[in-house]
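Below is one structure; the comments refer to it alone.
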Amino acid sequence: ENSPAPLPERAIYGFALFLGSWFGFILYLIWAYIPETWLFSLGLTYWPQKYWAVALPVYLLVAVGIGYILLFGINMMSTAPLNSTHTITGNF
Amino acid sequence: MAEERRFLSASGAPIALRRQQHSASCRELAVRGPRLQLRSLSAATSAVWLAAYGLFALSENSMVLSAAIFITLIGLIIYLHFVKIDQESLLVIGSLGIQVTSSYASGKESTTFIEMGQVKDVVINEAIHMQKVIYYLCILLQDPEDPQGVSEVVPLFQSSKPRLDCLIEVYKSCQEILEQRKTPPQSS
């Protein structure tokens, strides 16, 4: 039951994710661009500081960049050293 | 009798293999790497002194220049004594053991002896090392109580890293001696 063919449930999940991501994106744009005074006049006073609208994407991109280097480093650390018995794979 | 042949290391540097047969069951194989080149020494010294002169021009503190001279001298001594290995040699004495010697550029020699009871085999293994797959010669050690398993792996010629053609020569020489211990001694 794990074939990649489209199932009715998958179509519904996909469409719900599509609508949800568009909603999230429009919400992010509203939060980032509409001035604070306008938001206050609408009654939305407890939203996070607009500083985070710039900071979170920067954190995310830096994390992705570090992730490249981290993965490379983890690979190098897990490689068996030349004097370990794990390098011997034949039968002796 | 000794014979010397030229090969290349894994990084392309020229190395020389010298084989000496001391007796029917004793062989010495020595791999000699390239000596410290004058051009790399001058390049490193000039780089350090130029950087120190640049710092001196910025900070007007003459201690930077003396510190640079000091650092260069101490760094060279440390490099020659602890890092630069000139020759690695393998002395295989059938029925006694294997002796591995590394000679540094400052004249220091560090020796390891492995007795024949602990030696299971000498093999050419291939492993991943620094984003490359290299062949290297290694001694497989066995526990005297458990002759079936490999207790430890001792890699040989770590600093000169010969290529497969040189390793095959060393391997064949070692195996000729190691085979003698399997056949029981003939009384003659």
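We label chains A, B, ... in the order they appear in the structure tokens, count residues from 1 in each chain, and number ligands from 1 in the order shown.
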Exercise. Got a sec: who's within 10 Å of segment 89-94 of chain B, counting only C-alpha atoms, leaving out chain neighbours fewer than 6 positions off, as a PyMOL selection string?
Worked result: chain B and resi 17-32+100-103+111-116+156-157+170+173-181
Problem set entry | Distance-based interface of chain A with chain B, 12 Å, counting only C-alpha atoms, as a list in words | Phe72, Gly73, Asn75, Met76, Met77, Ser78, Thr79, Ala80, Pro81, Leu82, Asn83, Ser84, Thr85, His86, Thr87, Ile88, Thr89, Gly90, Asn91 and Phe92 of chain A
Exercise. Which polymer residues have any atom within 12 Å of an atom of Ile30 of chain A, counting only C-alpha atoms, with same-chain residues fewer than 6 positions away left out, as a list in words?
Worked result: Phe23, Gly24, Glu36, Trp38, Leu39, Leu44, Trp47, Lys50 and Ala53 of chain A
For this session: Just the helix (DSSP H, G or I) stuff from segment 59-164 of chain B, please, per backbone DSSP, written as a PyMOL selection string.
Result: chain B and resi 59+63-83+116-118+164
Prev. selection, C-alpha atoms, output as an mmCIF file, in the first residue's frame:
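The new file out_18.cif reads:
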```cif
data_model
loop_
_atom_site.group_PDB
_atom_site.id
_atom_site.type_symbol
_atom_site.label_atom_id
_atom_site.label_comp_id
_atom_site.auth_asym_id
_atom_site.auth_seq_id
_atom_site.Cartn_x
_atom_site.Cartn_y
_atom_site.Cartn_z
ATOM 1 C CA SER B 59 51.421 48.466 15.111
ATOM 2 C CA MET B 63 58.579 42.940 19.464
ATOM 3 C CA VAL B 64 56.545 41.518 16.560
ATOM 4 C CA LEU B 65 59.704 41.087 14.483
ATOM 5 C CA SER B 66 61.648 39.306 17.232
ATOM 6 C CA ALA B 67 58.614 37.145 17.958
ATOM 7 C CA ALA B 68 58.424 36.172 14.278
ATOM 8 C CA ILE B 69 62.083 35.095 14.214
ATOM 9 C CA PHE B 70 61.584 33.117 17.412
ATOM 10 C CA ILE B 71 58.429 31.460 16.097
ATOM 11 C CA THR B 72 60.143 30.502 12.844
ATOM 12 C CA LEU B 73 63.070 28.876 14.628
ATOM 13 C CA ILE B 74 60.980 27.024 17.198
ATOM 14 C CA GLY B 75 58.471 25.977 14.540
ATOM 15 C CA LEU B 76 61.231 24.558 12.332
ATOM 16 C CA ILE B 77 62.744 22.594 15.205
ATOM 17 C CA ILE B 78 59.350 21.197 16.245
ATOM 18 C CA TYR B 79 58.538 20.282 12.643
ATOM 19 C CA LEU B 80 61.827 18.462 12.097
ATOM 20 C CA HIS B 81 61.658 16.608 15.382
ATOM 21 C CA PHE B 82 57.993 15.626 15.615
ATOM 22 C CA VAL B 83 56.407 15.852 12.175
ATOM 23 C CA MET B 116 55.557 -13.234 15.832
ATOM 24 C CA GLY B 117 52.994 -14.882 18.126
ATOM 25 C CA GLN B 118 50.847 -11.794 17.894
ATOM 26 C CA LEU B 164 49.852 0.001 -4.813
#
```
Exercise. Residues of chain B in strand (DSSP E) according to DSSP, as a ChimeraX atom specification?
Worked result: /B:2-8,14-23,26-32,85-93,97-104,109-115,119-129,132-141,152-155
Exercise. What is the distance between atom CA of Leu60 of chain A and atom CA of Leu29 of chain A, in Å to one decimal?
Worked result: 17.2 Å
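Put simply, atom CA of Glu169 of chain B is 21.3 Å away from atom CA of Ser95 of chain B.
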